[in-house]
file my_file14.txt (compact mmCIF, C-alpha atoms (C1' of nucleotides))
# COMPACT_ATOMS: atom_id res chain seq x y z
CA MET A 85 0.00 0.00 0.00
CA THR A 86 1.53 3.23 -1.03
CA GLU A 87 1.08 6.28 1.12
CA PRO A 88 -1.47 8.77 -0.25
CA ASP A 89 -0.04 12.11 -1.23
CA ALA A 90 -0.11 14.49 1.70
CA VAL A 91 -2.53 17.34 1.15
CA PRO A 92 -0.48 20.50 1.61
CA ASP A 93 -1.69 23.04 4.07
CA LEU A 94 -2.35 26.14 1.96
CA PRO A 95 -4.25 28.75 3.92
CA TRP A 96 -2.79 31.87 2.32
CA THR A 97 -3.66 33.70 -0.86
CA VAL A 98 -1.10 36.07 -2.33
CA ALA A 99 -2.58 38.94 -0.35
CA ALA A 100 -2.66 36.96 2.88
CA PHE A 101 0.89 35.72 2.47
CA ALA A 102 1.99 39.26 1.64
CA ALA A 103 0.36 40.56 4.79
CA ARG A 104 1.93 37.80 6.83
CA THR A 105 5.45 38.20 5.47
CA GLY A 106 5.73 41.81 4.41
CA VAL A 107 6.64 40.87 0.85
CA PRO A 108 4.45 42.84 -1.61
CA PRO A 109 1.94 40.81 -3.68
CA THR A 110 3.58 41.88 -6.93
CA THR A 111 6.90 40.66 -5.62
CA LEU A 112 5.45 37.32 -4.56
CA ARG A 113 4.01 36.84 -8.05
CA TYR A 114 7.26 37.95 -9.57
CA TRP A 115 9.25 35.56 -7.35
CA ASP A 116 6.92 32.73 -8.26
CA ASP A 117 7.30 33.47 -11.96
CA GLU A 118 11.06 33.66 -11.55
CA GLY A 119 11.22 30.42 -9.62
CA LEU A 120 12.55 32.09 -6.52
CA LEU A 121 9.63 31.19 -4.26
CA PRO A 122 7.33 28.90 -6.19
CA ALA A 123 3.66 29.03 -5.26
CA HIS A 124 1.19 26.16 -5.23
CA ARG A 125 -1.76 26.51 -7.62
CA LEU A 126 -5.43 25.73 -7.12
CA ASP A 127 -7.51 24.23 -9.92
CA ASN A 128 -8.66 27.70 -10.87
CA GLY A 129 -5.07 28.89 -11.27
CA HIS A 130 -4.93 30.92 -8.10
CA ARG A 131 -1.77 30.87 -6.09
CA ARG A 132 -1.74 29.52 -2.55
CA TYR A 133 1.00 29.47 0.06
CA GLY A 134 1.41 27.49 3.24
CA PRO A 135 3.61 27.27 6.31
CA ASP A 136 5.94 25.00 4.35
CA ASP A 137 6.84 28.00 2.17
CA LEU A 138 8.14 30.06 5.08
CA PRO A 139 11.55 28.41 5.39
CA ARG A 140 12.29 28.93 1.71
CA LEU A 141 11.19 32.53 2.02
CA GLU A 142 13.60 33.02 4.87
CA MET A 143 16.38 31.51 2.87
CA VAL A 144 15.57 33.78 -0.06
CA ARG A 145 15.81 36.69 2.34
CA MET A 146 19.09 35.54 3.76
CA CYS A 147 20.63 35.03 0.33
CA GLN A 148 19.45 38.44 -0.78
CA GLY A 149 21.01 39.83 2.35
CA LEU A 150 24.26 38.26 1.29
CA GLY A 151 24.00 40.14 -1.97
CA CYS A 152 23.13 37.12 -4.05
CA THR A 153 21.51 37.69 -7.42
CA MET A 154 18.29 35.91 -8.13
CA ASP A 155 20.25 33.44 -10.24
CA GLU A 156 22.39 32.65 -7.24
CA VAL A 157 19.40 32.29 -4.95
CA ARG A 158 17.81 29.82 -7.32
CA LEU A 159 21.09 28.00 -7.69
CA VAL A 160 21.53 27.35 -4.02
CA LEU A 161 17.90 26.62 -3.26
CA ASP A 162 17.42 24.31 -6.21
CA ALA A 163 20.83 22.67 -6.15
CA PRO A 164 20.49 19.03 -7.14
CA ASP A 165 22.70 17.76 -4.33
CA PRO A 166 24.31 18.85 -1.09
CA ALA A 167 27.69 19.08 -2.80
CA ALA A 168 26.54 21.92 -5.03
CA ARG A 169 25.19 23.75 -2.02
CA ALA A 170 28.35 23.13 -0.09
CA ARG A 171 30.40 24.62 -2.93
CA PHE A 172 28.23 27.71 -2.90
CA ALA A 173 28.56 28.04 0.84
CA ALA A 174 32.30 27.56 0.71
CA GLU A 175 32.60 30.32 -1.86
CA LYS A 176 30.31 32.72 -0.06
CA LEU A 177 31.66 32.30 3.44
CA PRO A 178 34.96 34.15 2.95
CA GLU A 179 33.06 36.89 1.17
CA VAL A 180 30.65 37.24 4.07
CA LEU A 181 33.45 37.23 6.62
CA GLY A 182 35.26 39.91 4.65
CA ARG A 183 32.10 41.97 4.52
CA ILE A 184 31.69 41.68 8.26
CA GLU A 185 35.21 42.95 8.75
CA LEU A 186 34.70 45.91 6.49
CA LEU A 187 31.41 46.74 8.15
CA ARG A 188 33.27 46.77 11.45
CA VAL A 189 35.67 49.29 10.03
CA ALA A 190 32.77 51.32 8.71
CA ALA A 191 31.09 51.18 12.10
CA ASP A 192 34.26 52.54 13.69
CA VAL A 193 34.33 55.30 11.11
CA LEU A 194 30.71 56.13 11.79
CA ARG A 195 31.31 56.23 15.53
CA HIS A 196 34.02 58.74 14.90
CA VAL A 197 32.04 60.80 12.40
CA ALA A 198 29.21 60.98 14.92
CA VAL A 199 31.41 63.03 17.25
CA CYS A 200 33.86 64.64 14.84
CA GLU A 201 33.96 68.39 14.57
CA HIS A 202 36.03 68.67 11.40
CA THR A 203 34.67 70.96 8.79
CA ASP A 204 35.19 68.50 5.97
CA ALA A 205 34.50 64.81 5.94
CA THR A 206 37.82 64.02 4.35
CA SER A 207 40.04 66.18 6.52
CA CYS A 208 39.84 64.07 9.63
CA GLY A 209 43.09 62.33 10.40
CA ALA A 210 41.63 59.52 12.51
CA TRP A 211 39.15 58.69 9.84
CA MET A 212 41.68 58.87 7.08
CA ARG A 213 43.98 56.48 8.82
CA SER A 214 41.23 53.94 9.23
CA VAL A 215 40.15 54.25 5.61
CA LEU A 216 43.49 54.54 3.92
CA GLU A 217 45.25 51.78 5.79
CA PRO A 218 43.17 48.79 4.86
CA PRO A 219 44.03 45.49 6.51
CA GLY A 220 44.67 43.84 3.17
CA GLU A 221 43.20 43.24 -0.23
CA ARG A 222 39.98 45.11 -0.18
CA PRO A 223 36.96 43.30 -1.61
CA ASP A 224 34.18 45.35 -3.11
CA LEU A 225 31.80 46.14 -0.29
CA ARG A 226 28.79 46.66 -2.44
CA ALA A 227 26.17 44.03 -2.37
CA GLY A 228 25.82 42.08 -5.55
CA MET B 253 49.35 89.35 2.46
CA THR B 254 47.02 86.62 1.41
CA GLU B 255 48.37 83.18 0.69
CA PRO B 256 48.46 82.35 -3.01
CA ASP B 257 46.13 79.58 -4.04
CA ALA B 258 47.88 76.26 -3.83
CA VAL B 259 48.34 74.64 -7.20
CA PRO B 260 46.72 71.24 -6.90
CA ASP B 261 48.73 68.20 -7.79
CA LEU B 262 46.82 66.66 -10.70
CA PRO B 263 48.84 63.96 -12.37
CA TRP B 264 46.04 61.68 -13.44
CA THR B 265 43.74 61.74 -16.44
CA VAL B 266 40.50 59.79 -16.29
CA ALA B 267 42.20 56.76 -17.74
CA ALA B 268 45.15 57.00 -15.38
CA PHE B 269 42.94 57.43 -12.33
CA ALA B 270 40.80 54.55 -13.50
CA ALA B 271 43.84 52.32 -13.83
CA ARG B 272 45.06 53.41 -10.42
CA THR B 273 41.79 52.92 -8.60
CA GLY B 274 39.98 50.22 -10.52
CA VAL B 275 36.99 52.47 -11.12
CA PRO B 276 36.01 52.41 -14.82
CA PRO B 277 36.48 55.66 -16.78
CA THR B 278 32.79 55.86 -17.60
CA THR B 279 32.01 55.54 -13.92
CA LEU B 280 34.48 58.29 -12.98
CA ARG B 281 32.90 60.62 -15.52
CA TYR B 282 29.47 59.63 -14.28
CA TRP B 283 30.48 60.20 -10.65
CA ASP B 284 31.89 63.56 -11.55
CA ASP B 285 28.73 64.55 -13.38
CA GLU B 286 26.64 63.35 -10.42
CA GLY B 287 28.75 65.21 -7.92
CA LEU B 288 29.89 62.06 -6.20
CA LEU B 289 33.60 62.46 -6.91
CA PRO B 290 34.11 65.83 -8.55
CA ALA B 291 37.02 66.12 -10.92
CA HIS B 292 39.27 69.13 -11.46
CA ARG B 293 39.20 70.58 -14.99
CA LEU B 294 42.00 71.86 -17.17
CA ASP B 295 41.49 74.91 -19.38
CA ASN B 296 40.67 72.60 -22.26
CA GLY B 297 37.89 70.94 -20.27
CA HIS B 298 39.72 67.72 -19.60
CA ARG B 299 39.34 66.14 -16.22
CA ARG B 300 42.29 65.66 -13.93
CA TYR B 301 42.56 63.91 -10.58
CA GLY B 302 45.16 64.08 -7.86
CA PRO B 303 46.14 62.36 -4.64
CA ASP B 304 43.77 64.67 -2.80
CA ASP B 305 40.88 62.89 -4.50
CA LEU B 306 41.77 59.50 -3.06
CA PRO B 307 40.29 60.01 0.39
CA ARG B 308 36.97 61.07 -1.03
CA LEU B 309 37.02 58.08 -3.35
CA GLU B 310 37.56 55.79 -0.40
CA MET B 311 34.70 57.40 1.42
CA VAL B 312 32.46 56.98 -1.62
CA ARG B 313 33.42 53.34 -1.59
CA MET B 314 32.72 52.94 2.07
CA CYS B 315 29.33 54.60 1.81
CA GLN B 316 28.41 52.44 -1.15
CA GLY B 317 29.46 49.46 0.89
CA LEU B 318 27.03 50.59 3.54
CA GLY B 319 24.31 50.50 0.96
CA CYS B 320 24.00 54.26 0.64
CA THR B 321 22.35 55.65 -2.45
CA MET B 322 24.24 58.24 -4.41
CA ASP B 323 22.03 60.89 -2.85
CA GLU B 324 23.14 59.73 0.56
CA VAL B 325 26.79 59.66 -0.42
CA ARG B 326 26.58 63.23 -1.64
CA LEU B 327 24.71 64.23 1.47
CA VAL B 328 27.33 63.00 3.86
CA LEU B 329 30.31 64.10 1.82
CA ASP B 330 28.94 67.53 1.08
CA ALA B 331 27.24 68.15 4.39
CA PRO B 332 27.50 71.83 5.28
CA ASP B 333 28.51 71.16 8.88
CA PRO B 334 29.68 68.41 11.17
CA ALA B 335 26.25 68.21 12.78
CA ALA B 336 24.64 67.01 9.56
CA ARG B 337 27.33 64.38 9.20
CA ALA B 338 26.93 63.33 12.76
CA ARG B 339 23.21 62.88 12.28
CA PHE B 340 23.86 60.69 9.27
CA ALA B 341 26.39 58.63 11.18
CA ALA B 342 24.09 58.26 14.15
CA GLU B 343 21.35 56.97 11.89
CA LYS B 344 23.56 54.59 9.97
CA LEU B 345 25.46 53.08 12.87
CA PRO B 346 22.63 50.95 14.29
CA GLU B 347 21.85 49.81 10.77
CA VAL B 348 25.44 48.76 10.21
CA LEU B 349 25.64 46.99 13.55
CA GLY B 350 22.43 45.14 12.76
CA ARG B 351 23.80 44.15 9.39
CA ILE B 352 26.94 42.81 11.02
CA GLU B 353 24.87 40.67 13.35
CA LEU B 354 22.79 39.25 10.55
CA LEU B 355 25.88 38.52 8.49
CA ARG B 356 27.23 36.62 11.49
CA VAL B 357 24.10 34.52 11.49
CA ALA B 358 24.42 34.00 7.76
CA ALA B 359 28.04 33.00 8.18
CA ASP B 360 26.98 30.37 10.74
CA VAL B 361 24.38 29.12 8.30
CA LEU B 362 26.92 28.93 5.52
CA ARG B 363 29.37 27.04 7.73
CA HIS B 364 26.67 24.52 8.33
CA VAL B 365 25.52 24.31 4.72
CA ALA B 366 29.13 23.68 3.70
CA VAL B 367 29.07 20.38 5.57
CA CYS B 368 25.38 19.49 5.51
CA GLU B 369 24.28 16.33 3.76
CA HIS B 370 20.54 17.05 3.68
CA THR B 371 18.91 16.54 0.36
CA ASP B 372 17.00 19.79 0.49
CA ALA B 373 18.24 23.16 1.61
CA THR B 374 15.14 23.80 3.68
CA SER B 375 14.92 20.45 5.44
CA CYS B 376 17.87 20.92 7.72
CA GLY B 377 16.85 21.31 11.32
CA ALA B 378 19.94 23.15 12.50
CA TRP B 379 19.67 25.64 9.72
CA MET B 380 15.96 26.16 10.17
CA ARG B 381 16.38 26.89 13.84
CA SER B 382 18.97 29.55 13.13
CA VAL B 383 16.86 31.14 10.43
CA LEU B 384 13.44 30.86 11.98
CA GLU B 385 14.39 32.03 15.45
CA PRO B 386 15.68 35.49 14.79
CA PRO B 387 17.17 37.44 17.70
CA GLY B 388 14.57 40.16 17.38
CA GLU B 389 13.07 42.57 14.92
CA ARG B 390 14.64 41.70 11.67
CA PRO B 391 15.86 44.59 9.53
CA ASP B 392 16.00 44.14 5.84
CA LEU B 393 19.43 42.75 5.05
CA ARG B 394 19.55 43.98 1.51
CA ALA B 395 21.87 46.79 0.73
CA GLY B 396 20.09 49.96 -0.16
C1' DG C 261 49.21 69.05 -42.01
C1' DC C 262 47.89 64.36 -41.00
C1' DT C 263 47.32 60.44 -37.98
C1' DT C 264 46.32 58.52 -33.84
C1' DG C 265 44.82 57.98 -29.37
C1' DA C 266 43.35 60.38 -25.94
C1' DC C 267 39.70 63.66 -24.34
C1' DT C 268 34.77 65.80 -24.14
C1' DT C 269 29.35 65.81 -24.14
C1' DC C 270 25.03 63.88 -25.20
C1' DG C 271 21.31 60.80 -25.65
C1' DA C 272 20.14 56.45 -25.13
C1' DG C 273 20.83 51.72 -23.73
C1' DT C 274 21.75 47.92 -20.19
C1' DC C 275 20.92 45.43 -16.09
C1' DA C 276 18.59 43.69 -12.08
C1' DA C 277 14.79 43.83 -9.30
C1' DC C 278 10.99 45.00 -9.01
C1' DT C 279 6.09 47.60 -9.89
C1' DC C 280 2.03 49.10 -12.44
C1' DG C 281 -2.17 49.20 -15.18
C1' DA C 282 -5.18 47.02 -18.43
C1' DA C 283 -8.08 43.32 -19.44
C1' DG C 284 -10.27 39.54 -18.12
C1' DG C 285 -11.51 35.53 -14.71
C1' DT C 286 -13.17 33.77 -9.94
C1' DG C 287 -15.91 33.46 -5.89
C1' DT C 288 -18.79 35.27 -2.24
C1' DG C 289 -22.62 37.72 -0.41
C1' DC C 290 -26.81 40.02 -1.31
C1' DG D 240 -27.77 38.23 -11.66
C1' DC D 241 -25.13 42.01 -9.75
C1' DA D 242 -21.53 44.15 -7.02
C1' DC D 243 -17.40 43.76 -5.12
C1' DA D 244 -13.02 42.22 -3.86
C1' DC D 245 -10.14 39.22 -4.90
C1' DC D 246 -7.51 36.51 -8.51
C1' DT D 247 -4.82 35.83 -13.11
C1' DT D 248 -1.51 37.16 -17.17
C1' DC D 249 0.74 40.37 -20.02
C1' DG D 250 3.35 44.13 -21.61
C1' DA D 251 5.44 47.89 -20.22
C1' DG D 252 7.21 51.14 -16.89
C1' DT D 253 10.24 52.56 -12.82
C1' DT D 254 14.40 52.95 -10.28
C1' DG D 255 19.21 53.32 -9.47
C1' DA D 256 23.67 52.71 -11.06
C1' DC D 257 25.94 52.41 -14.38
C1' DT D 258 27.67 51.75 -19.70
C1' DC D 259 27.84 52.61 -24.67
C1' DG D 260 28.26 54.76 -29.18
C1' DA D 261 28.20 58.83 -31.98
C1' DA D 262 30.12 63.13 -32.94
C1' DG D 263 33.34 66.39 -32.16
C1' DT D 264 37.81 68.43 -29.75
C1' DC D 265 42.60 68.17 -28.13
C1' DA D 266 47.43 67.15 -28.24
C1' DA D 267 51.55 64.67 -29.43
C1' DG D 268 54.36 62.59 -32.85
C1' DC D 269 55.68 62.14 -37.52
call {"tool": "encode", "arguments": {"input": "my_file14.txt", "output": "structure tokens"}}
result
Amino acid sequence: MTEPDAVPDLPWTVAAFAARTGVPPTTLRYWDDEGLLPAHRLDNGHRRYGPDDLPRLEMVRMCQGLGCTMDEVRLVLDAPDPAARARFAAEKLPEVLGRIELLRVAADVLRHVAVCEHTDATSCGAWMRSVLEPPGERPDLRAG
Amino acid sequence: MTEPDAVPDLPWTVAAFAARTGVPPTTLRYWDDEGLLPAHRLDNGHRRYGPDDLPRLEMVRMCQGLGCTMDEVRLVLDAPDPAARARFAAEKLPEVLGRIELLRVAADVLRHVAVCEHTDATSCGAWMRSVLEPPGERPDLRAG
DNA sequence: GCTTGACTTCGAGTCAACTCGAAGGTGTGC
DNA sequence: GCACACCTTCGAGTTGACTCGAAGTCAAGC
């Protein structure tokens, strides 16, 4: 006897899921179309979401926070095996750690700027030392 | 007796500055036009850059790394007084600190994913706990 | 003076990630 | 059946940060 297919729990329309998660309806539809966060479909074609979609949404959010493109998000979420995911993680980790370090530097700079009385942002010696003496090869800080 | 205007040291054309800094020539011209990194001009209209432009470039880079829009970069770099800059810094600092914390979480996740053998990225209990139990109000991680 | 490789401006294009409005379908309550 | 609030797709628009190509100028070397 084979197990019957589990009926997924799908209480949320696009609007409901948007309200629950803060992601705009247009974005949810866009993400579904783009394969980022696929939606279930009723017989009438309407999208439905359930609690099982929340983890993937969180992972989409985390990847976006890491500056991943949508291609990269799909890649990691839809990787055919753990090895592909592990490769992605191994590549991203040094990048993330480097970003953390540079954000620390930026935080120090901001702490200083918050109390600095110099007339020009670039004429402050303490700030210039922190900015112009990078710890090493400087990765691009911009996301994406 | 008033001091004579100092003659700025301007050894670099757009191409030279681009080669020195890694910023593409089109981007330097664009940044100049947008007021992000203003260039000096020779009598013939050609742009020239000097060592004095490097600190501002680094600050542009740092602000971009913080996810600032170009409007924000201009605002902080061209702020009329230290108080305006301090306000900007005071607003950005908590954001940066929050970003650091979330990147730490993401780094933990990536460390786990790098060794995880689960068949699906969202079916890993350790990862789901870290993602679904956020430390508090969760700011948007995306830059900008 | 000509050639060549740089420079300039200008208008438009590219890219990624959305967002919008039009047109039509669906389902509920009256 | 009608009204209304939702749903769908589709094509195009928006936004921000660039990037490109055309047309013309500038300057150095021959």
call {"tool": "residues_around", "arguments": {"input": "my_file14.txt", "residues": "range 320-331 of chain B", "least_positions_apart": "4", "cutoff": "7 Å", "atoms": "all atoms listed in the file", "output": "PyMOL selection string"}}
result
(chain A and resi 205) or (chain B and resi 287-288+312+315-316+336-337+340+396)
call {"tool": "atom_distance", "arguments": {"input": "my_file14.txt", "atom1": "C1' of DT274 in chain C", "atom2": "C1' of DG252 in chain D"}}
result
15.3 Å
call {"tool": "interface_residues", "arguments": {"input": "my_file14.txt", "of": "chain A", "to": "chain C", "cutoff": "10 Å", "atoms": "only C-alpha atoms (C1' of nucleotides)", "output": "list of chain:residue names"}}
result
A:Pro108, A:Thr110, A:Thr111, A:Tyr114, A:Trp115, A:Asn128, A:Gly129, A:His130, A:Thr153, A:Met154, A:Gly228
call {"tool": "atom_distance", "arguments": {"input": "my_file14.txt", "atom1": "CA of Gly350 in chain B", "atom2": "CA of Gly149 in chain A"}}
result
11.8 Å
call {"tool": "axis_aligned_box", "arguments": {"input": "my_file14.txt", "around": "range 91-101 of chain A", "padding_each_side": "6 Å", "output": "lines of an AutoDock Vina configuration file"}}
result
center_x = -1.7
center_y = 28.1
center_z = 0.9
size_x = 17.1
size_y = 33.6
size_z = 18.4
call {"tool": "interface_residues", "arguments": {"input": "my_file14.txt", "of": "chain D", "to": "chain B", "cutoff": "9 Å", "atoms": "all atoms listed in the file", "output": "count of residues only"}}
result
5
call {"tool": "atom_distance", "arguments": {"input": "my_file14.txt", "atom1": "C1' of DT254 in chain D", "atom2": "CA of Arg308 in chain B"}}
result
25.7 Å
call {"tool": "closest_residue", "arguments": {"input": "my_file14.txt", "among": "B:Leu262, B:Val365, B:Val357, B:Leu306", "to": "chain A", "atoms": "all atoms listed in the file"}}
result
B:Val365
call {"tool": "closest_residue", "arguments": {"input": "my_file14.txt", "among": "B:Glu347, B:Asp333, B:Asp304, B:Asp295", "to": "chain A", "atoms": "all atoms listed in the file"}}
result
B:Asp333
call {"tool": "closest_residue", "arguments": {"input": "my_file14.txt", "among": "A:Ala99, A:Pro178, A:Pro135, A:Ala173", "to": "chain B", "atoms": "all atoms listed in the file"}}
result
A:Ala173
call {"tool": "closest_residue", "arguments": {"input": "my_file14.txt", "among": "A:Glu175, A:Asp117, A:Glu201, A:Asp93", "to": "chain B", "atoms": "all atoms listed in the file"}}
result
A:Glu201
call {"tool": "decode", "arguments": {"input": "my_file14.txt", "residues": "range 279-377 of chain B", "atoms": "C-alpha atoms", "output": "short mmCIF file (atom, residue, chain, number, x, y, z; two decimals), in the first residue's frame"}}
result
data_model
loop_
_atom_site.label_atom_id
_atom_site.label_comp_id
_atom_site.auth_asym_id
_atom_site.auth_seq_id
_atom_site.Cartn_x
_atom_site.Cartn_y
_atom_site.Cartn_z
CA THR B 279 32.01 55.54 -13.92
CA LEU B 280 34.48 58.29 -12.98
CA ARG B 281 32.90 60.62 -15.52
CA TYR B 282 29.47 59.63 -14.28
CA TRP B 283 30.48 60.20 -10.65
CA ASP B 284 31.89 63.56 -11.55
CA ASP B 285 28.73 64.55 -13.38
CA GLU B 286 26.64 63.35 -10.42
CA GLY B 287 28.75 65.21 -7.92
CA LEU B 288 29.89 62.06 -6.20
CA LEU B 289 33.60 62.46 -6.91
CA PRO B 290 34.11 65.83 -8.55
CA ALA B 291 37.02 66.12 -10.92
CA HIS B 292 39.27 69.13 -11.46
CA ARG B 293 39.20 70.58 -14.99
CA LEU B 294 42.00 71.86 -17.17
CA ASP B 295 41.49 74.91 -19.38
CA ASN B 296 40.67 72.60 -22.26
CA GLY B 297 37.89 70.94 -20.27
CA HIS B 298 39.72 67.72 -19.60
CA ARG B 299 39.34 66.14 -16.22
CA ARG B 300 42.29 65.66 -13.93
CA TYR B 301 42.56 63.91 -10.58
CA GLY B 302 45.16 64.08 -7.86
CA PRO B 303 46.14 62.36 -4.64
CA ASP B 304 43.77 64.67 -2.80
CA ASP B 305 40.88 62.89 -4.50
CA LEU B 306 41.77 59.50 -3.06
CA PRO B 307 40.29 60.01 0.39
CA ARG B 308 36.97 61.07 -1.03
CA LEU B 309 37.02 58.08 -3.35
CA GLU B 310 37.56 55.79 -0.40
CA MET B 311 34.70 57.40 1.42
CA VAL B 312 32.46 56.98 -1.62
CA ARG B 313 33.42 53.34 -1.59
CA MET B 314 32.72 52.94 2.07
CA CYS B 315 29.33 54.60 1.81
CA GLN B 316 28.41 52.44 -1.15
CA GLY B 317 29.46 49.46 0.89
CA LEU B 318 27.03 50.59 3.54
CA GLY B 319 24.31 50.50 0.96
CA CYS B 320 24.00 54.26 0.64
CA THR B 321 22.35 55.65 -2.45
CA MET B 322 24.24 58.24 -4.41
CA ASP B 323 22.03 60.89 -2.85
CA GLU B 324 23.14 59.73 0.56
CA VAL B 325 26.79 59.66 -0.42
CA ARG B 326 26.58 63.23 -1.64
CA LEU B 327 24.71 64.23 1.47
CA VAL B 328 27.33 63.00 3.86
CA LEU B 329 30.31 64.10 1.82
CA ASP B 330 28.94 67.53 1.08
CA ALA B 331 27.24 68.15 4.39
CA PRO B 332 27.50 71.83 5.28
CA ASP B 333 28.51 71.16 8.88
CA PRO B 334 29.68 68.41 11.17
CA ALA B 335 26.25 68.21 12.78
CA ALA B 336 24.64 67.01 9.56
CA ARG B 337 27.33 64.38 9.20
CA ALA B 338 26.93 63.33 12.76
CA ARG B 339 23.21 62.88 12.28
CA PHE B 340 23.86 60.69 9.27
CA ALA B 341 26.39 58.63 11.18
CA ALA B 342 24.09 58.26 14.15
CA GLU B 343 21.35 56.97 11.89
CA LYS B 344 23.56 54.59 9.97
CA LEU B 345 25.46 53.08 12.87
CA PRO B 346 22.63 50.95 14.29
CA GLU B 347 21.85 49.81 10.77
CA VAL B 348 25.44 48.76 10.21
CA LEU B 349 25.64 46.99 13.55
CA GLY B 350 22.43 45.14 12.76
CA ARG B 351 23.80 44.15 9.39
CA ILE B 352 26.94 42.81 11.02
CA GLU B 353 24.87 40.67 13.35
CA LEU B 354 22.79 39.25 10.55
CA LEU B 355 25.88 38.52 8.49
CA ARG B 356 27.23 36.62 11.49
CA VAL B 357 24.10 34.52 11.49
CA ALA B 358 24.42 34.00 7.76
CA ALA B 359 28.04 33.00 8.18
CA ASP B 360 26.98 30.37 10.74
CA VAL B 361 24.38 29.12 8.30
CA LEU B 362 26.92 28.93 5.52
CA ARG B 363 29.37 27.04 7.73
CA HIS B 364 26.67 24.52 8.33
CA VAL B 365 25.52 24.31 4.72
CA ALA B 366 29.13 23.68 3.70
CA VAL B 367 29.07 20.38 5.57
CA CYS B 368 25.38 19.49 5.51
CA GLU B 369 24.28 16.33 3.76
CA HIS B 370 20.54 17.05 3.68
CA THR B 371 18.91 16.54 0.36
CA ASP B 372 17.00 19.79 0.49
CA ALA B 373 18.24 23.16 1.61
CA THR B 374 15.14 23.80 3.68
CA SER B 375 14.92 20.45 5.44
CA CYS B 376 17.87 20.92 7.72
CA GLY B 377 16.85 21.31 11.32
#
